[in-house]
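Content type TSV, C-alpha atoms, from the file work-v8.tsv:
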```
chain	number	residue	atom	x	y	z
Y	604	MET	CA	-11.52	-28.64	0.58
Y	605	LYS	CA	-12.36	-25.96	3.11
Y	606	LEU	CA	-9.49	-23.72	2.01
Y	607	ILE	CA	-10.36	-24.24	-1.66
Y	608	ARG	CA	-13.88	-23.04	-0.96
Y	609	GLN	CA	-12.58	-20.05	0.97
Y	610	ILE	CA	-10.17	-18.95	-1.77
Y	611	THR	CA	-12.95	-19.41	-4.32
Y	612	ILE	CA	-15.18	-17.00	-2.41
Y	613	ILE	CA	-12.39	-14.42	-2.24
Y	614	LEU	CA	-11.61	-14.77	-5.97
Y	615	LEU	CA	-15.31	-14.46	-6.75
Y	616	PHE	CA	-15.39	-11.08	-5.02
Y	617	ILE	CA	-12.37	-9.82	-6.99
Y	618	PHE	CA	-14.19	-10.93	-10.12
Y	619	LEU	CA	-17.41	-9.16	-9.07
Y	620	GLY	CA	-15.36	-6.06	-8.28
Y	621	GLU	CA	-13.79	-6.16	-11.75
Y	622	ILE	CA	-17.18	-6.51	-13.41
Y	623	PHE	CA	-18.51	-3.62	-11.34
Y	624	ASN	CA	-15.49	-1.51	-12.29
Y	625	LYS	CA	-16.07	-2.15	-16.03
Y	626	LEU	CA	-19.83	-1.69	-15.92
Y	627	VAL	CA	-19.97	1.49	-13.85
Y	628	GLY	CA	-16.67	2.86	-15.13
Y	629	ILE	CA	-15.49	4.29	-11.79
Y	630	PRO	CA	-11.71	4.74	-11.50
Y	631	ILE	CA	-11.53	2.54	-8.38
Y	632	PRO	CA	-9.81	-0.79	-9.05
Y	633	GLY	CA	-11.76	-4.02	-8.98
Y	634	ASN	CA	-10.05	-5.43	-5.90
Y	635	ILE	CA	-11.00	-2.40	-3.76
Y	636	LEU	CA	-14.58	-2.66	-5.04
Y	637	GLY	CA	-14.37	-6.38	-4.23
Y	638	MET	CA	-13.38	-5.49	-0.67
Y	639	ILE	CA	-16.35	-3.14	-0.33
Y	640	LEU	CA	-18.73	-5.76	-1.82
Y	641	LEU	CA	-17.41	-8.42	0.57
Y	642	LEU	CA	-17.85	-6.06	3.53
Y	643	LEU	CA	-21.45	-5.38	2.48
Y	644	CYS	CA	-22.15	-9.10	2.09
Y	645	LEU	CA	-20.66	-9.79	5.53
Y	646	LEU	CA	-22.76	-7.02	7.06
Y	647	MET	CA	-25.94	-8.28	5.40
Y	648	GLY	CA	-25.19	-11.86	6.35
Y	649	PHE	CA	-24.87	-13.22	2.79
Y	650	VAL	CA	-21.34	-14.34	3.64
Y	651	LYS	CA	-20.48	-15.71	7.08
Y	652	LEU	CA	-17.16	-14.89	8.70
Y	653	GLN	CA	-16.23	-18.56	9.17
Y	654	GLN	CA	-16.59	-19.09	5.40
Y	655	ILE	CA	-13.51	-16.94	4.74
Y	656	ASP	CA	-11.79	-16.75	8.12
Y	657	GLU	CA	-8.73	-18.99	7.54
Y	658	ILE	CA	-7.88	-17.76	4.07
Y	659	SER	CA	-8.13	-14.09	5.02
Y	660	LYS	CA	-5.96	-14.66	8.07
Y	661	PHE	CA	-3.36	-16.35	5.86
Y	662	LEU	CA	-3.43	-13.52	3.30
Y	663	LEU	CA	-3.37	-10.69	5.86
Y	664	ASP	CA	-0.57	-12.19	7.94
Y	665	HIS	CA	1.77	-12.35	4.96
Y	666	MET	CA	0.91	-9.19	3.08
Y	667	ALA	CA	4.38	-7.62	3.08
Y	668	VAL	CA	5.97	-10.50	1.16
Y	669	LEU	CA	3.59	-9.83	-1.73
Y	670	PHE	CA	5.41	-6.54	-2.34
Y	671	VAL	CA	8.80	-8.13	-3.00
Y	672	PRO	CA	8.32	-8.31	-6.82
Y	673	ALA	CA	7.08	-4.69	-6.97
Y	674	GLY	CA	10.14	-3.57	-5.03
Y	675	VAL	CA	12.52	-5.58	-7.18
Y	676	GLY	CA	10.99	-3.84	-10.22
Y	677	LEU	CA	12.89	-0.79	-8.99
Y	678	ILE	CA	15.99	-1.92	-10.89
Y	679	SER	CA	14.21	-1.38	-14.21
Y	680	VAL	CA	13.88	2.39	-13.58
Y	681	THR	CA	17.37	3.19	-12.32
Y	682	GLY	CA	18.21	4.71	-15.72
Y	683	LEU	CA	15.11	6.94	-15.68
Y	684	VAL	CA	15.90	8.53	-12.33
Y	685	LYS	CA	19.69	8.62	-12.53
Y	686	ASP	CA	19.95	12.28	-11.47
Y	687	THR	CA	16.75	12.77	-9.52
Y	688	TRP	CA	16.52	9.61	-7.41
Y	689	TRP	CA	17.63	11.31	-4.21
Y	690	ILE	CA	15.01	14.06	-4.60
Y	691	LEU	CA	12.28	11.46	-5.19
Y	692	LEU	CA	13.46	9.47	-2.17
Y	693	LEU	CA	13.62	12.58	0.02
Y	694	ILE	CA	10.10	13.68	-0.97
Y	695	ALA	CA	8.68	10.15	-0.55
Y	696	ILE	CA	10.15	9.73	2.94
Y	697	SER	CA	9.56	13.24	4.30
Y	698	THR	CA	5.92	13.42	3.17
Y	699	THR	CA	5.25	10.03	4.79
Y	700	PHE	CA	6.34	11.49	8.15
Y	701	LEU	CA	4.16	14.52	7.53
Y	702	VAL	CA	1.01	12.68	6.40
Y	703	MET	CA	1.13	10.11	9.20
Y	704	SER	CA	1.61	12.81	11.84
Y	705	VAL	CA	-1.11	15.12	10.51
Y	706	THR	CA	-3.66	12.30	10.10
Y	707	GLY	CA	-2.98	10.85	13.54
Y	708	LEU	CA	-3.22	14.23	15.26
Y	709	VAL	CA	-6.40	15.20	13.40
Y	710	VAL	CA	-8.15	11.95	14.42
Y	711	LYS	CA	-6.85	12.31	17.97
Y	712	PHE	CA	-8.17	15.85	18.42
Y	713	THR	CA	-11.50	15.45	16.61
Y	714	ARG	CA	-12.42	12.41	18.69
Y	715	ARG	CA	-13.49	14.33	21.74
U	616	MET	CA	21.55	-22.59	-15.32
U	617	LYS	CA	19.41	-20.35	-17.54
U	618	GLU	CA	16.76	-23.11	-17.84
U	619	ILE	CA	16.42	-23.14	-14.07
U	620	THR	CA	16.49	-19.41	-13.35
U	621	SER	CA	13.95	-18.61	-16.05
U	622	THR	CA	11.20	-20.76	-14.51
U	623	ALA	CA	8.36	-19.46	-12.36
U	624	LEU	CA	9.61	-21.66	-9.52
U	625	PHE	CA	12.84	-19.70	-9.29
U	626	GLY	CA	11.15	-16.29	-8.89
U	627	VAL	CA	8.71	-17.56	-6.27
U	628	MET	CA	11.35	-19.46	-4.33
U	629	ILE	CA	13.96	-16.72	-4.24
U	630	SER	CA	11.34	-14.14	-3.13
U	631	LEU	CA	10.18	-16.34	-0.25
U	632	ILE	CA	13.68	-17.31	0.84
U	633	ALA	CA	14.81	-13.67	0.72
U	634	TYR	CA	11.82	-12.67	2.86
U	635	GLU	CA	12.56	-15.44	5.38
U	636	ILE	CA	16.15	-14.20	5.64
U	637	GLY	CA	14.80	-10.67	6.10
U	638	LEU	CA	12.51	-11.83	8.92
U	639	MET	CA	15.38	-13.71	10.54
U	640	ILE	CA	17.69	-10.69	10.48
U	641	GLN	CA	14.91	-8.50	11.89
U	642	ARG	CA	14.24	-11.00	14.70
U	643	LYS	CA	17.93	-11.31	15.56
U	644	THR	CA	18.76	-7.60	15.50
U	645	LYS	CA	15.36	-6.15	16.52
U	646	LYS	CA	16.25	-2.99	14.58
U	647	SER	CA	13.11	-1.53	13.02
U	648	PHE	CA	14.99	0.09	10.12
U	649	LEU	CA	16.07	-3.41	9.04
U	650	ASN	CA	12.60	-3.94	7.63
U	651	PRO	CA	12.17	-7.54	6.34
U	652	LEU	CA	10.64	-6.39	3.05
U	653	LEU	CA	13.45	-3.91	2.44
U	654	LEU	CA	16.02	-6.64	3.13
U	655	ALA	CA	14.17	-9.12	0.91
U	656	ILE	CA	14.10	-6.67	-2.01
U	657	ALA	CA	17.82	-5.95	-1.54
U	658	ILE	CA	18.67	-9.66	-1.42
U	659	VAL	CA	16.69	-10.49	-4.57
U	660	ILE	CA	18.21	-7.54	-6.46
U	661	PHE	CA	21.67	-8.67	-5.35
U	662	VAL	CA	21.07	-12.25	-6.53
U	663	LEU	CA	19.71	-11.07	-9.90
U	664	GLN	CA	22.70	-8.78	-10.43
U	665	ALA	CA	25.26	-11.32	-9.24
U	666	GLY	CA	23.75	-14.14	-11.30
U	667	ASN	CA	23.15	-11.89	-14.31
U	668	ILE	CA	19.50	-12.93	-14.28
U	669	PRO	CA	17.17	-10.65	-16.28
U	670	LEU	CA	14.21	-9.06	-14.48
U	671	GLU	CA	11.80	-10.67	-16.97
U	672	ASP	CA	12.97	-14.13	-15.85
U	673	TYR	CA	12.48	-13.25	-12.19
U	674	ASN	CA	9.04	-11.81	-12.92
U	675	LYS	CA	7.79	-15.14	-14.27
U	676	GLY	CA	7.64	-16.23	-10.64
U	677	GLY	CA	7.30	-12.73	-9.23
U	678	GLN	CA	3.95	-12.23	-10.88
U	679	TRP	CA	2.59	-15.28	-9.03
U	680	ILE	CA	3.36	-13.61	-5.75
U	681	ALA	CA	2.14	-10.19	-6.90
U	682	PHE	CA	-1.12	-11.81	-8.03
U	683	LEU	CA	-1.99	-12.53	-4.40
U	684	MET	CA	-2.16	-8.80	-3.72
U	685	ALA	CA	-5.71	-8.70	-5.09
U	686	PRO	CA	-7.09	-11.43	-2.76
U	687	ALA	CA	-5.19	-9.84	0.15
U	688	THR	CA	-6.87	-6.51	-0.57
U	689	VAL	CA	-10.30	-8.15	-0.66
U	690	ALA	CA	-9.52	-9.96	2.61
U	691	LEU	CA	-9.12	-6.57	4.32
U	692	ALA	CA	-12.93	-6.59	4.49
U	693	VAL	CA	-12.61	-9.04	7.40
U	694	PRO	CA	-10.87	-6.80	9.99
U	695	LEU	CA	-13.13	-4.01	8.80
U	696	TYR	CA	-16.21	-6.12	9.43
U	697	LYS	CA	-14.96	-7.10	12.86
U	698	ASN	CA	-14.51	-3.44	13.81
U	699	PHE	CA	-17.58	-2.07	12.12
U	700	GLU	CA	-19.23	-0.84	15.33
U	701	LEU	CA	-16.11	1.14	16.15
U	702	LEU	CA	-16.11	2.60	12.66
U	703	LYS	CA	-19.69	3.78	13.01
U	704	LYS	CA	-18.99	5.25	16.42
U	705	HIS	CA	-16.02	7.32	15.22
U	706	LYS	CA	-17.13	8.00	11.66
U	707	TRP	CA	-16.51	11.77	11.72
U	708	PRO	CA	-12.99	11.81	13.20
U	709	ILE	CA	-12.11	9.00	10.78
U	710	ALA	CA	-13.55	10.78	7.75
U	711	ILE	CA	-11.98	14.15	8.64
U	712	GLY	CA	-8.63	12.51	9.45
U	713	ILE	CA	-8.40	10.61	6.17
U	714	PHE	CA	-9.51	13.60	4.11
U	715	THR	CA	-6.98	15.91	5.78
U	716	GLY	CA	-4.27	13.29	5.35
U	717	CYS	CA	-4.92	12.93	1.61
U	718	VAL	CA	-4.98	16.69	1.03
U	719	THR	CA	-1.73	17.03	3.03
U	720	SER	CA	-0.11	14.26	1.00
U	721	VAL	CA	-0.97	15.64	-2.44
U	722	THR	CA	-0.30	19.28	-1.50
U	723	SER	CA	3.06	18.59	0.15
U	724	ILE	CA	4.24	16.53	-2.82
U	725	LEU	CA	3.23	19.29	-5.25
U	726	LEU	CA	5.00	21.96	-3.16
U	727	LEU	CA	8.17	19.92	-2.67
U	728	SER	CA	8.30	18.93	-6.34
U	729	ARG	CA	8.05	22.59	-7.22
U	730	ALA	CA	10.73	23.52	-4.66
U	731	PHE	CA	13.15	20.93	-6.05
U	732	GLY	CA	12.26	21.79	-9.64
U	733	LEU	CA	11.09	18.29	-10.59
U	734	ASP	CA	9.48	18.06	-14.00
U	735	LYS	CA	5.76	17.52	-14.18
U	736	GLU	CA	5.94	13.87	-15.22
U	737	LEU	CA	7.96	12.93	-12.12
U	738	ALA	CA	5.79	15.02	-9.80
U	739	MET	CA	2.64	13.33	-11.11
U	740	SER	CA	4.29	9.93	-10.68
U	741	LEU	CA	4.88	10.69	-7.00
U	742	LEU	CA	1.41	12.06	-6.24
U	743	PRO	CA	-0.38	8.75	-5.51
U	744	LYS	CA	2.50	7.36	-3.44
U	745	SER	CA	0.50	7.04	-0.20
U	746	ILE	CA	-2.21	4.83	-1.65
U	747	THR	CA	-2.36	1.20	-2.63
U	748	ILE	CA	-0.61	0.03	-5.83
U	749	PRO	CA	-3.65	-0.80	-8.02
U	750	ILE	CA	-5.30	2.61	-7.42
U	751	GLY	CA	-1.98	4.46	-7.48
U	752	ILE	CA	-1.13	3.18	-10.96
U	753	GLU	CA	-4.50	4.38	-12.31
U	754	ILE	CA	-4.16	7.87	-10.82
U	755	SER	CA	-0.58	8.15	-12.05
U	756	LYS	CA	-1.62	7.32	-15.63
U	757	GLN	CA	-4.58	9.65	-15.47
U	758	LEU	CA	-2.43	12.61	-14.38
U	759	GLY	CA	0.30	11.92	-16.94
U	760	GLY	CA	2.80	10.27	-14.59
U	761	MET	CA	4.88	7.15	-15.12
U	762	PRO	CA	3.52	4.04	-13.36
U	763	GLU	CA	7.01	2.49	-13.35
U	764	ILE	CA	8.12	5.36	-11.05
U	765	THR	CA	4.89	5.35	-9.06
U	766	VAL	CA	5.20	1.70	-7.98
U	767	PRO	CA	8.67	2.05	-6.37
U	768	ALA	CA	7.54	5.35	-4.77
U	769	ILE	CA	4.57	3.51	-3.24
U	770	VAL	CA	6.83	0.72	-1.97
U	771	VAL	CA	9.33	3.19	-0.46
U	772	THR	CA	6.47	5.07	1.23
U	773	GLY	CA	5.01	1.85	2.61
U	774	ILE	CA	8.31	0.64	4.03
U	775	THR	CA	8.98	4.08	5.53
U	776	GLY	CA	5.51	4.05	7.11
U	777	ALA	CA	6.02	0.59	8.62
U	778	ILE	CA	9.37	1.65	10.07
U	779	ILE	CA	8.35	5.03	11.50
U	780	ALA	CA	4.82	4.16	12.75
U	781	PRO	CA	5.79	3.11	16.32
U	782	MET	CA	8.05	6.15	16.65
U	783	ILE	CA	5.48	8.68	15.38
U	784	CYS	CA	2.78	7.26	17.67
U	785	LYS	CA	5.14	7.56	20.64
U	786	VAL	CA	6.59	11.02	19.90
U	787	LEU	CA	3.20	12.60	19.10
U	788	ASN	CA	1.46	10.72	21.87
U	789	ILE	CA	-1.09	9.09	19.58
U	790	ASN	CA	-2.44	6.42	21.91
U	791	GLY	CA	-5.89	5.63	20.55
U	792	SER	CA	-6.10	2.50	18.42
U	793	VAL	CA	-8.41	4.21	15.94
U	794	ALA	CA	-6.13	7.25	15.46
U	795	ARG	CA	-3.08	5.01	15.05
U	796	GLY	CA	-4.72	2.74	12.49
U	797	ILE	CA	-6.14	5.62	10.43
U	798	ALA	CA	-2.81	7.50	10.47
U	799	ILE	CA	-0.88	4.43	9.33
U	800	GLY	CA	-3.32	3.32	6.62
U	801	THR	CA	-3.76	6.83	5.18
U	802	SER	CA	-0.02	7.51	4.94
U	803	SER	CA	1.37	4.10	4.02
U	804	HIS	CA	-1.36	1.82	2.62
U	805	ILE	CA	-1.06	-1.99	2.85
U	806	LEU	CA	2.60	-2.03	3.85
U	807	GLY	CA	1.99	0.24	6.82
U	808	THR	CA	-1.04	-1.92	7.61
U	809	THR	CA	1.21	-4.92	8.21
U	810	LYS	CA	2.75	-2.91	11.07
U	811	ALA	CA	-0.69	-1.79	12.25
U	812	MET	CA	-1.78	-5.47	12.38
U	813	GLU	CA	1.16	-6.17	14.69
U	814	MET	CA	0.04	-3.33	16.98
U	815	GLY	CA	-3.44	-4.78	17.36
U	816	GLU	CA	-6.57	-5.90	15.59
U	817	ILE	CA	-8.33	-2.53	15.86
U	818	GLU	CA	-5.26	-0.75	14.47
U	819	GLY	CA	-5.14	-3.28	11.62
U	820	GLY	CA	-8.83	-2.96	10.83
U	821	MET	CA	-8.78	0.84	10.85
U	822	SER	CA	-5.62	0.91	8.77
U	823	GLY	CA	-7.25	-1.41	6.24
U	824	LEU	CA	-10.28	0.85	6.10
U	825	ALA	CA	-8.10	3.90	5.55
U	826	ILE	CA	-6.45	2.26	2.50
U	827	GLY	CA	-9.76	2.01	0.68
U	828	VAL	CA	-11.10	5.40	1.69
U	829	SER	CA	-7.85	7.32	1.11
U	830	GLY	CA	-7.58	5.71	-2.33
U	831	PHE	CA	-11.05	6.91	-3.17
U	832	VAL	CA	-10.47	10.41	-1.74
U	833	THR	CA	-7.18	10.76	-3.64
U	834	VAL	CA	-8.87	9.76	-6.92
U	835	VAL	CA	-11.27	12.66	-6.42
U	836	ILE	CA	-9.01	15.40	-4.99
U	837	ALA	CA	-5.74	14.82	-6.87
U	838	PRO	CA	-6.92	16.23	-10.24
U	839	VAL	CA	-8.50	19.22	-8.47
U	840	LEU	CA	-5.37	20.05	-6.45
U	841	VAL	CA	-3.17	19.58	-9.51
U	842	ALA	CA	-5.36	22.02	-11.45
U	843	ILE	CA	-5.14	24.58	-8.63
U	844	SER	CA	-1.36	24.19	-8.39
U	845	GLN	CA	-0.97	24.61	-12.15
U	846	TYR	CA	-2.78	27.91	-11.80
U	847	LEU	CA	-0.74	29.12	-8.81
U	848	PHE	CA	2.69	27.76	-9.69
U	849	PRO	CA	2.97	25.89	-13.00
U	850	LEU	CA	5.39	22.94	-12.71
```
Any chance you could give the structure as structure tokens?
Amino acid sequence: MKLIRQITIILLFIFLGEIFNKLVGIPIPGNILGMILLLLCLLMGFVKLQQIDEISKFLLDHMAVLFVPAGVGLISVTGLVKDTWWILLLIAISTTFLVMSVTGLVVKFTRR
Amino acid sequence: MKEITSTALFGVMISLIAYEIGLMIQRKTKKSFLNPLLLAIAIVIFVLQAGNIPLEDYNKGGQWIAFLMAPATVALAVPLYKNFELLKKHKWPIAIGIFTGCVTSVTSILLLSRAFGLDKELAMSLLPKSITIPIGIEISKQLGGMPEITVPAIVVTGITGAIIAPMICKVLNINGSVARGIAIGTSSHILGTTKAMEMGEIEGGMSGLAIGVSGFVTVVIAPVLVAISQYLFPL
């Protein structure tokens, strides 16, 4: 029962986020808005940590597996990127190195 | 056979088994480039090809797993809440770091796309590759990209981020938990965050925070930077 209640709370926040997204019309997806709303509710004490603790631990510990279907979807675009796939791959990988390095160094040096 | 492989059970089961095998190989070999997600995707693709199973059949189960991405995103509020004091204390370095990271990401993709002569549609599809899938798809559509290219680009970026994070932190001497988490989350969204969580709770929390903020920043700056680049060097 406890886990059911916890997942219900989480789903409720996605739902609220979606409503917010439609009403205000901001281009931020409902689940990110749901995250922000949940954070605000935690900070203001409307939601207690122990009311969602187990379910969020479960979801966060296994996040990578949720990307398997998105990755498998890759096979549907092989035709589209027949000639350019290596350029796309090269750009995707090299810019990840660049962005991670730049961000880390900027935070490191602005902290003092 | 078709009756079995076209059920939701099949897609869910094969995804989970493939991921377990991926984890097992990673544990046995301890090689970071043998990322469990990468292995899982490869295994599932292999099974689908070998068994001649259409992607639509796999997706009947696949969408069940993908559905959980929304609750997982909402659950990121928890590590954020736990580290809220830290966030307040370092708000400026965090804000400046994420903003610089997003500008670097969009600008470098535009420049490289231009250098390699990619057409505009492909370049726009790559632009949101450092942010989380639901926001990335929206930005891609808005800029005239193809979401079906954007999603694999986001996955590739995330896997790359998870693999290179320990190395980058070591080589560039990034020791602070806050700097590590922000760098990982800004560059490689939720997938990088799984690695950040392994490094520590502060890293995980900060990485989770960076996903939301960098998504928001990219929504705002991407159209502006694209407009500037069109003026300077039309794609």
With chain Y as the partner and 6 Å as the cut-off, tabulate the residues of chain U that qualify, each row holding the nearest pair of atoms and their distance in Å to one decimal, using all atoms listed in the file, sorted by chain and rising number, as a tab-separated table.
```
residue	atom	partner	partner_atom	distance
U:Ile656	CA	Y:Val675	CA	5.5
U:Gly677	CA	Y:Pro672	CA	5.1
U:Ile680	CA	Y:Leu669	CA	5.5
U:Ala681	CA	Y:Leu669	CA	5.4
U:Ala685	CA	Y:Asn634	CA	5.5
U:Ala687	CA	Y:Leu662	CA	5.2
U:Val689	CA	Y:Met638	CA	4.1
U:Ala690	CA	Y:Ser659	CA	5.0
U:Ala692	CA	Y:Leu642	CA	5.0
U:Pro708	CA	Y:Val710	CA	5.0
U:Gly712	CA	Y:Thr706	CA	5.0
U:Gly716	CA	Y:Thr706	CA	4.9
U:Ser720	CA	Y:Val702	CA	5.7
U:Ile750	CA	Y:Pro632	CA	5.9
U:Pro767	CA	Y:Leu677	CA	5.7
U:Thr772	CA	Y:Ala695	CA	5.8
U:Ala794	CA	Y:Gly707	CA	5.2
U:Ala798	CA	Y:Gly707	CA	4.5
U:Ser802	CA	Y:Met703	CA	5.1
U:Leu806	CA	Y:Ala667	CA	5.9
```
TODO: Tell me, as a PyMOL selection string, which residues lie within 12 Å of stretch 624-638 of chain U, counting all atoms listed in the file; anything in the same chain fewer than 4 positions away does not count.
DONE: (chain Y and resi 665-675) or (chain U and resi 616-620+642-663+668-683)
Task: atom CA of U:Met821 to atom CA of U:Gly796, distance in Å rounded to a single decimal - done: 4.8 Å
Open item on the list: One decimal, in Å: what's the spacing between atom CA of U:Gln845 and atom CA of U:Pro743?
Closed with: 17.2 Å
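Across U:Leu847, U:Leu733, U:Val793, U:Ala837, the tightest approach to U:Ala825 is made by U:Val793 when counting all atoms listed in the file.
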Task: Two-atom distance - atom CA of U:Gly773, atom CA of U:Glu753 (Å) - done: 17.9 Å
Task: Closest of U:Gly820, U:Pro749, U:Gly776, U:Pro849 to U:Val834 - atom-to-atom distances counting only C-alpha atoms - done: U:Pro749
Neighbours of U:Leu725 within 10 Å (only C-alpha atoms; same-chain residues fewer than 5 positions away dropped), as a PDB file with C-alpha atoms, keeping the file's coordinate frame?
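Printed below is selection.pdb as written:
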```pdb
ATOM      1  CA  ILE Y 694      10.100  13.680  -0.970  1.00  0.00           C
TER       2      ILE Y 694
ATOM      3  CA  THR U 719      -1.730  17.030   3.030  1.00  0.00           C
ATOM      4  CA  SER U 720      -0.110  14.260   1.000  1.00  0.00           C
ATOM      5  CA  ALA U 730      10.730  23.520  -4.660  1.00  0.00           C
ATOM      6  CA  LEU U 733      11.090  18.290 -10.590  1.00  0.00           C
ATOM      7  CA  LYS U 735       5.760  17.520 -14.180  1.00  0.00           C
ATOM      8  CA  ALA U 738       5.790  15.020  -9.800  1.00  0.00           C
ATOM      9  CA  MET U 739       2.640  13.330 -11.110  1.00  0.00           C
ATOM     10  CA  LEU U 741       4.880  10.690  -7.000  1.00  0.00           C
ATOM     11  CA  LEU U 742       1.410  12.060  -6.240  1.00  0.00           C
ATOM     12  CA  LEU U 840      -5.370  20.050  -6.450  1.00  0.00           C
ATOM     13  CA  VAL U 841      -3.170  19.580  -9.510  1.00  0.00           C
ATOM     14  CA  SER U 844      -1.360  24.190  -8.390  1.00  0.00           C
ATOM     15  CA  GLN U 845      -0.970  24.610 -12.150  1.00  0.00           C
ATOM     16  CA  PHE U 848       2.690  27.760  -9.690  1.00  0.00           C
ATOM     17  CA  LEU U 850       5.390  22.940 -12.710  1.00  0.00           C
TER      18      LEU U 850
END
```
Open item on the list: What's around U:Glu818 at 12 Å? Count all atoms listed in the file, leave out sequence neighbours fewer than 5 positions away in its own chain, and write the answer as a PyMOL selection string.
Closed with: (chain Y and resi 707) or (chain U and resi 694-695+697-698+701-702+780-781+784+789-800+807-813+823-825)
